[in-house]
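Read the structure below first, then the notes.
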Amino acid sequence: MRVLFNFRYWLRVWFGASLAFGLCIMICHGAGDVFTAMVDLENLLAGEADMTAQVLDEYIASETYRLQQLKSFANEYLSKNHNFDEGRDENVVTNPINAYLLIKRLTSDWKYITNLMQSNNAEYFIKNITQERLNNQVKYPDDEDLDGAAIGLLRLQDTYHLNTKDLANGVVAGNNVGKTLSGQDCFEVGRAAYNAKDYYHTLEWMQEALDRIKIEKPPTKRESDILEYYAYALYQQGNPKRALVLTKRLAQIDPTHPRAKGNVEWYESMLSDEHKSDLHDLPPIKNVRDTRYDIEEREVYEKLCRGKFERDLEMESKVYCYYKKDRDFLKLAPFKVEILRFEPLVVIFHEVVSDYEISIVKQLATPRLKRATVQNAKTGELEHANYRISKSGWLKDHEHPVIHRINERIDLMTNLNQETSEDLQVANYGIGGHYEPHFDMSMRGEKDPYRMGTGNRIATVLFYMSQPETGGATVYTELGIGTYPQVHNALFWYNLKRDGEGDVRTRHAACPVLTGVKWVSNKWIHERGQEFRRPCALTQDVNEKYVGDLTPI
Ligand SMILES: O=C(O)CCC(=O)C(=O)O
Ligand SMILES: [Fe+2]
């Protein structure tokens, strides 16, 4: 029964948590990584709903039959008791038949009834569902996914300034997405924040949980469960007096609570005698965001994600669009290039991948998407990190003619040799999926940082393989600009200056996806092989004016 409860529970919490973010899935991978990719949830929903509904229907039918049988026993008992009451004469029990029937009811019938009461078939049906999932090779979300989805929600809230009540009411980016969160859902989001030691959000979500259970009939969570977390978050946010008042209330409504009394004493020990004795004059709640673990450029990053790009009117007056036709093949089919800025040069190639190509790339990548890893700056090891939440996979040139074609096209787009490029990386971002500000090239000054014998990453091509509805911009934190993904287009920039030095101005990030789905494909082009394609310049500060510009050398 508990397992079934849990199943319904995650289904609800998770549906709530994913709000409109599209819904997700995929093929088995490690635990706790469904939330990192939208494609996972999409696949999951597709097959899951039918199968679960069918098994649940069967279970309900079997339980209904069992309860009906119990009901008919109950009716029989009632009618017999009724008869007993009516004819309270000795005959009823002295009559051997009646005596026999009475004894039978109290022995074998009772055994049958107790068996029937205990024979809930839940185990059998749960096994069925579990087996079906194994057969389908589908990765199901677990507690880690739920936490990840909740933390993703908090990231979205911070980045896009989303109000807790709006989110809980299912209002995302001004749109009502239909689903609302219950008191229990809000409690779970608050608890994930608490586990991450994020007391600012714990307070926000526990307050929302309290507001919700007050109007729910019946409440989806006990007030006492919420109060304990709420009080602790208040204490962490510098308000032990309010924490004490709430914990006293907790002790009052749940006198058997295992920690309430101890907590009251603990909060009291934080307060002076004067404050302890007068609990009427409560200091206001000052809930401030915890910036202890912040990345330095957090504010800039989030502002850019909200589309507040810096304007440079002089630059804007100089940028333009052009047809790139400097290669023979391009005379017939030139690329449309939009210059976003100079120094460093950042451009968008318009309409460089087709829907068919995108569908092949997604199809090939989907079964091998894995939680993206990042290189630990100290150890050089690849590891999962919260600052990069997406799933990615690599596609080799020879795997499909489409991949080969895209690689050849990158040569024509960039004029850079593709022989030393990395394979095509495909990434799919899940709930709140993002990649915090980073450099694509190595800044450690090694000759061969990627241990491929090909030097540093000289340039990046980022294909947009989908268009999220809101959020998901690519932003440059040093340059103060950004761009929203437009399907079929590709963003391009040089990571290294013409003398081979890393260009710190290229620091960039992938903003969290708010609604919709984000698929991108990167091509990281390396230094080796570019000796004639992008020769070293004589002075350090040479910047291309267009893609493939070789002047002055
Ligand atoms: O997805 C994006 O917008 C940027 C991704 C990125 O910077 C990367 O994968 O290195
Ligand atoms: Fe990047």
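The way I read the labels, and the way they are meant: chains A, B, ... in the order of the structure tokens, residue 1 as the first residue of every chain, and ligand 1 as the first ligand shown, with later ones counted on from there.
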
Could you list, as a count of residues only, every residue within 10 Å of Lys276 of chain A, counting only C-alpha atoms and ignoring same-chain residues fewer than 3 positions away?
12

Given a cut-off of 6 Å, what residues near ligand 1 show up using only C-alpha atoms and all ligand atoms, put as a list in words?
Asp440, Ala473, Thr474, Ala509, Ala510 and Val520 of chain A

Given the selection you just returned, output its residues as a file containing C-alpha atoms, formatted as an mmCIF file, in the first residue's frame.
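This is the output file part-v8.cif:
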data_model
loop_
_atom_site.group_PDB
_atom_site.id
_atom_site.type_symbol
_atom_site.label_atom_id
_atom_site.label_comp_id
_atom_site.auth_asym_id
_atom_site.auth_seq_id
_atom_site.Cartn_x
_atom_site.Cartn_y
_atom_site.Cartn_z
ATOM 1 C CA ASP A 440 34.997 26.470 -24.063
ATOM 2 C CA ALA A 473 19.371 32.048 -24.189
ATOM 3 C CA THR A 474 23.096 31.796 -24.831
ATOM 4 C CA ALA A 509 26.616 30.511 -20.507
ATOM 5 C CA ALA A 510 23.427 28.618 -21.381
ATOM 6 C CA VAL A 520 21.813 22.158 -29.213
#

Quick one: residues within 9 Å of ligand 2, with only C-alpha atoms and all ligand atoms, as a short mmCIF file (atom, residue, chain, number, x, y, z; two decimals) with N, CA and C atoms, in the first residue's frame?
data_model
loop_
_atom_site.label_atom_id
_atom_site.label_comp_id
_atom_site.auth_asym_id
_atom_site.auth_seq_id
_atom_site.Cartn_x
_atom_site.Cartn_y
_atom_site.Cartn_z
N TYR A 435 23.88 25.93 -18.19
CA TYR A 435 25.32 25.76 -18.09
C TYR A 435 25.87 27.12 -17.69
N GLU A 436 26.36 27.19 -16.47
CA GLU A 436 26.81 28.47 -15.92
C GLU A 436 28.00 29.01 -16.72
N PRO A 437 28.33 30.29 -16.52
CA PRO A 437 29.40 30.91 -17.30
C PRO A 437 30.69 30.09 -17.31
N HIS A 438 31.25 29.95 -18.47
CA HIS A 438 32.46 29.11 -18.63
C HIS A 438 33.17 29.51 -19.93
N PHE A 439 34.36 28.98 -20.09
CA PHE A 439 35.08 29.10 -21.36
C PHE A 439 35.01 27.75 -22.05
N ASP A 440 34.95 27.75 -23.36
CA ASP A 440 35.00 26.47 -24.06
C ASP A 440 36.43 25.98 -24.18
N MET A 441 37.37 26.95 -24.24
CA MET A 441 38.78 26.54 -24.38
C MET A 441 39.38 26.35 -23.00
N THR A 460 34.11 27.74 -31.68
CA THR A 460 32.91 26.96 -31.33
C THR A 460 31.81 27.24 -32.34
N LEU A 462 27.75 26.47 -32.48
CA LEU A 462 26.65 25.97 -31.65
C LEU A 462 25.37 25.98 -32.48
N THR A 474 21.64 31.92 -25.01
CA THR A 474 23.10 31.80 -24.83
C THR A 474 23.58 33.21 -24.56
N ARG A 507 33.71 34.38 -22.55
CA ARG A 507 33.03 33.68 -21.45
C ARG A 507 31.52 33.72 -21.71
N HIS A 508 30.89 32.56 -21.62
CA HIS A 508 29.48 32.49 -22.01
C HIS A 508 28.74 31.45 -21.17
N ALA A 509 27.42 31.42 -21.32
CA ALA A 509 26.62 30.51 -20.51
C ALA A 509 25.34 30.15 -21.26
N ALA A 510 24.74 29.01 -20.85
CA ALA A 510 23.43 28.62 -21.38
C ALA A 510 22.42 28.86 -20.27
N ASN A 522 27.07 21.07 -30.49
CA ASN A 522 28.29 21.87 -30.57
C ASN A 522 29.33 21.18 -31.42
#

Give me every strand (DSSP E or B) residue in segment 362-430 of chain A, going by DSSP on the backbone, as a PyMOL selection string.
chain A and resi 370-371+374-375+382-383+385+388+391-395+424-429

Could you write those residues out with C-alpha atoms, as a JSON list (two decimals), in the first residue's frame?
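For reference, result-v3.json as written:
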[["chain", "number", "residue", "atom", "x", "y", "z"],
["A", 370, "LYS", "CA", 24.10, 10.87, -20.61],
["A", 371, "ARG", "CA", 24.24, 13.42, -17.85],
["A", 374, "VAL", "CA", 32.58, 18.88, -16.82],
["A", 375, "GLN", "CA", 36.30, 18.77, -16.31],
["A", 382, "LEU", "CA", 35.26, 14.53, -15.73],
["A", 383, "GLU", "CA", 32.44, 14.81, -13.21],
["A", 385, "ALA", "CA", 28.22, 19.25, -11.63],
["A", 388, "ARG", "CA", 25.91, 22.10, -15.97],
["A", 391, "LYS", "CA", 22.31, 15.45, -21.13],
["A", 392, "SER", "CA", 24.64, 15.00, -23.99],
["A", 393, "GLY", "CA", 25.99, 12.47, -26.41],
["A", 394, "TRP", "CA", 28.58, 12.43, -29.18],
["A", 395, "LEU", "CA", 28.08, 11.60, -32.85],
["A", 424, "LEU", "CA", 29.52, 16.53, -32.85],
["A", 425, "GLN", "CA", 28.15, 16.93, -29.34],
["A", 426, "VAL", "CA", 24.37, 16.89, -28.93],
["A", 427, "ALA", "CA", 22.79, 18.25, -25.76],
["A", 428, "ASN", "CA", 19.26, 18.31, -24.43],
["A", 429, "TYR", "CA", 18.36, 20.51, -21.45]]

Skipping near chain neighbours, those fewer than 4 positions away, what residues fall within 12 Å of Gly380 of chain A using only C-alpha atoms, listed as JSON, numbers by chain?
{"A": [373, 374, 375, 376, 442, 444, 449, 450, 451]}
